[in-house]
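> Attaching a single structure in structure tokens format; questions to follow.
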Amino acid sequence: MRIALIPGDGIGKDVTAEAVKVIRRVGDVFGRSFDLEMLPYGADYYLETGITLPPNGYKMLRDEFDAIYVGALGDPRIPDMRHGRDILLGTRFELDLYVNHRPVKLLDERLCPLKGRGPADVNMVIFRENTESLYVGIGGRFKAGTEDEIAIQEDVNTFKGVHRIVKHAFEYAKANGLTRVCMADTSNAVTHAHALWQRVFHELTPHYPGIEATHLFIDALCMQMVKNPAQFQVIVTNNIFGDIITDLGAQLQGGLGMAASGNLHPGRTSLFEPVHGSAPKYAGKNVANPVGAILSAALMLDFLGLKREAAAVEAAVKQSVAKVQGTAEIGGTLGTRETGDYIAGAVKDS
Ligand code: IPM
Ligand code: MN
């Protein structure tokens with residue numbers, strides 16, 4: 001299995017090293033060989049060469065690899081995130097990775113900022129549409145920098161795009177024995193664009209008789225995620241709202257460093273990355289929490305069909321959290337590398 005590794009910037013490099021450690025350990029324990037190819041793309045490479053991704057970059061990633069793993073992108077020297085837009089958003093668009101799969105799973109009660117909530121209360125998957133919405137970048141600035149400036153960016157929603165993500169959410173629920181899917185939009189205010197979400201959701205709902213389909217406006221969803229997270233099993237929403245609520249979700253599971261994601265196109269080369277950013281001030285200091293990165297590697301293994309291997313990584317992470325063998329974010333005293341060592345050492349073929 002061939003995997004492209006793009007550690008990227010800042011703590012992305014630190015946490016990718018630990019994810020790699022765990023993947024190699026999975027290889028040893030389960031007798032599998034992973035061909036991990038390190039790619040240099042990121043802020044340093046862009047500043048040195050002027051290249052974000054080479055001209056054949058997307059094709060190369062799609063055709064030569066089974067999966068792509070990214071650490072984090074973002075560097076204060078590149079304020080417009082030009083390289084991040086090409087490497088991360090560009091890959092999402094060009095490889096048509098329309099599902100952003102972001103689990104929100106609390107591993108230990110003490111990590112939850114909500115009083116009295118435990119792992120049974122915080123266990124949901126958020127499906128974020130990943131190829132449309134405001135992220136498409138259609139729009140522009142007129143009279144930029146003047147008192148008359150007009151800035152427009154269009155909220156793009158297509159039938160194809162909305163249908164495939166909502167369908168994916170229902171199919172995921174069905175395949176995993178889940179009974180509740182909640183769609184969130186803001187169709188009370190964004191009446192044209194989000195009416196399409198209403199239409200698609202209502203058209204698809206009758207095809208899933210065993211599933212309770214509910215709708216919340218995005219503001220109410222935020223409130224409910226904090227008030228009573230146990231009501232949610234599967235949430236589906238658009239790109240921008242999904243971006244926002246998955247940071248909220250990350251805190252419910254103990255912090256941004258805990259959260260994992262997969263940018264998927266079922267059946268095609270997909271991209272996996274922790275939800276957190278590059279946190280430049282913590283880079284290279286052996287303090288970043290590698291759990292989100294390691295759980296993203298588990299999602300990748302799962303997507304590649306290695307279910308037992310993925311479960312073994314999750315179990316190892318769970319053990320590290322339960323035994324407080326981790327970084328300050330989980331209340332531990334270990335560094336990034338020592339946490340990776342512990343989790344790798346705890347991977348077992350049970
Ligand atoms: C994420 C990130 C990205 C996004 C940024 C870096 C463009 O916040 O993956 O959640 O908004 O999609
Ligand atoms: Mn985000």
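We label chains A, B, ... in the order they appear in the structure tokens, count residues from 1 in each chain, and number ligands from 1 in the order shown.
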At a cut-off of 7 Å and counting only C-alpha atoms and all ligand atoms, what residues surround ligand 1? Please answer as a ChimeraX atom specification.
/A:73,84-85,89,243,275,277
> Please provide as a PyMOL selection string all residues within 7 Å of stretch 95-111 of chain A, with the sequence filter that same-chain residues fewer than 5 positions apart are discarded (counting only C-alpha atoms).
chain A and resi 62+117-119+122-131+165+249-250+252-254+260-265+270+318+322+330
> Using C-alpha atoms, can you export the residues from the last selection as a PDB file, in the first residue's frame?

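Output file result_38.pdb is given in full below:
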```
ATOM      1  CA  ARG A  62      -4.476  10.483  -7.263  1.00  0.00           C
ATOM      2  CA  ARG A 117     -20.997  14.150  30.293  1.00  0.00           C
ATOM      3  CA  GLY A 118     -19.130  10.987  29.417  1.00  0.00           C
ATOM      4  CA  PRO A 119     -18.257   8.890  26.381  1.00  0.00           C
ATOM      5  CA  VAL A 122     -20.462  12.475  23.040  1.00  0.00           C
ATOM      6  CA  ASN A 123     -20.233  10.000  20.191  1.00  0.00           C
ATOM      7  CA  MET A 124     -21.267  11.260  16.774  1.00  0.00           C
ATOM      8  CA  VAL A 125     -19.935  11.656  13.252  1.00  0.00           C
ATOM      9  CA  ILE A 126     -20.146  14.960  11.433  1.00  0.00           C
ATOM     10  CA  PHE A 127     -20.260  14.812   7.651  1.00  0.00           C
ATOM     11  CA  ARG A 128     -19.113  18.086   6.193  1.00  0.00           C
ATOM     12  CA  GLU A 129     -19.704  18.691   2.483  1.00  0.00           C
ATOM     13  CA  ASN A 130     -16.185  19.287   1.205  1.00  0.00           C
ATOM     14  CA  THR A 131     -16.280  20.592  -2.374  1.00  0.00           C
ATOM     15  CA  ILE A 165     -23.197  14.151   0.933  1.00  0.00           C
ATOM     16  CA  GLY A 249     -17.010  19.116  18.338  1.00  0.00           C
ATOM     17  CA  ALA A 250     -13.257  18.901  18.844  1.00  0.00           C
ATOM     18  CA  LEU A 252     -16.368  18.323  23.257  1.00  0.00           C
ATOM     19  CA  GLN A 253     -13.899  15.460  22.832  1.00  0.00           C
ATOM     20  CA  GLY A 254     -11.107  17.173  24.752  1.00  0.00           C
ATOM     21  CA  ALA A 260      -9.375  13.326  13.374  1.00  0.00           C
ATOM     22  CA  SER A 261     -10.675  13.641   9.852  1.00  0.00           C
ATOM     23  CA  GLY A 262     -10.870  11.942   6.491  1.00  0.00           C
ATOM     24  CA  ASN A 263     -11.466  13.794   3.221  1.00  0.00           C
ATOM     25  CA  LEU A 264     -13.063  11.031   1.213  1.00  0.00           C
ATOM     26  CA  HIS A 265     -14.297  10.037  -2.169  1.00  0.00           C
ATOM     27  CA  SER A 270      -8.541  10.041  -0.238  1.00  0.00           C
ATOM     28  CA  LYS A 318      -8.000   4.816  24.262  1.00  0.00           C
ATOM     29  CA  ALA A 322      -7.322   6.144  30.183  1.00  0.00           C
ATOM     30  CA  ILE A 330      -5.131  15.125  28.140  1.00  0.00           C
TER      31      ILE A 330
END
```
> Find, counting only C-alpha atoms and all ligand atoms, the residue in A:Ala344, A:Gly74, A:Ile211, A:Gly267 that gets nearest to ligand 2.
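Using only C-alpha atoms and all ligand atoms, the shortest distance to ligand 2 belongs to A:Gly74.
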> Give me the residues of chain A that have any atom at most 10 Å from an atom of ligand 2; for each, the nearest atom pair and the distance in Å, rounded to one decimal. Use only C-alpha atoms and all ligand atoms, sort by chain and number, and format it as JSON lines.

```
{"residue": "A:Asn239", "atom": "CA", "partner": "ligand 2", "partner_atom_place_in_ligand_line": "1 (Mn)", "distance": 9.8}
{"residue": "A:Ile240", "atom": "CA", "partner": "ligand 2", "partner_atom_place_in_ligand_line": "1 (Mn)", "distance": 8.7}
{"residue": "A:Phe241", "atom": "CA", "partner": "ligand 2", "partner_atom_place_in_ligand_line": "1 (Mn)", "distance": 9.7}
{"residue": "A:Gly242", "atom": "CA", "partner": "ligand 2", "partner_atom_place_in_ligand_line": "1 (Mn)", "distance": 8.2}
{"residue": "A:Asp243", "atom": "CA", "partner": "ligand 2", "partner_atom_place_in_ligand_line": "1 (Mn)", "distance": 4.5}
{"residue": "A:Ile244", "atom": "CA", "partner": "ligand 2", "partner_atom_place_in_ligand_line": "1 (Mn)", "distance": 6.3}
{"residue": "A:Ile245", "atom": "CA", "partner": "ligand 2", "partner_atom_place_in_ligand_line": "1 (Mn)", "distance": 8.6}
{"residue": "A:Thr246", "atom": "CA", "partner": "ligand 2", "partner_atom_place_in_ligand_line": "1 (Mn)", "distance": 7.0}
{"residue": "A:Asp247", "atom": "CA", "partner": "ligand 2", "partner_atom_place_in_ligand_line": "1 (Mn)", "distance": 6.3}
{"residue": "A:Leu248", "atom": "CA", "partner": "ligand 2", "partner_atom_place_in_ligand_line": "1 (Mn)", "distance": 9.9}
{"residue": "A:Leu256", "atom": "CA", "partner": "ligand 2", "partner_atom_place_in_ligand_line": "1 (Mn)", "distance": 9.7}
{"residue": "A:Pro274", "atom": "CA", "partner": "ligand 2", "partner_atom_place_in_ligand_line": "1 (Mn)", "distance": 9.9}
{"residue": "A:Val275", "atom": "CA", "partner": "ligand 2", "partner_atom_place_in_ligand_line": "1 (Mn)", "distance": 6.3}
{"residue": "A:His276", "atom": "CA", "partner": "ligand 2", "partner_atom_place_in_ligand_line": "1 (Mn)", "distance": 7.2}
{"residue": "A:Gly277", "atom": "CA", "partner": "ligand 2", "partner_atom_place_in_ligand_line": "1 (Mn)", "distance": 7.8}
```
> Determine the nearest neighbour of A:Gly332 from the options A:Ala312, A:Ala288, A:Ala195, A:Pro209, counting only C-alpha atoms.
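Of all the options, A:Ala288 lies closest to A:Gly332.
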> So that I can see what lies close to stretch 166-181 of chain A, please list as an MDAnalysis selection string the residues with an atom at most 9 Å from it, counting only C-alpha atoms and leaving out residues fewer than 5 positions away in the same chain.
chainID A and resid 99 125:127 129 161 197 200:201 204:205 208 210:215 231:237
> Step one, run DSSP on the backbone; step two, keep only residues of stretch 244-286 of chain A assigned to helix (DSSP H, G or I); then write them as a list in words.
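Filtering stretch 244-286 of chain A down to helix (DSSP H, G or I) leaves Ile244, Ile245, Thr246, Asp247, Leu248, Gly249, Ala250, Gln251, Leu252, Leu256, Gly257, Met258, Pro280, Lys281 and Tyr282 of chain A.
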> Could you go through stretch 24-248 of chain A and tell me which residues DSSP, when run on the backbone, assigns to strand (DSSP E or B), listing them as a PyMOL selection string?
chain A and resi 35-38+67-72+99-105+123-129+133+139-142+150-153+156+180-185+212-217+234-237
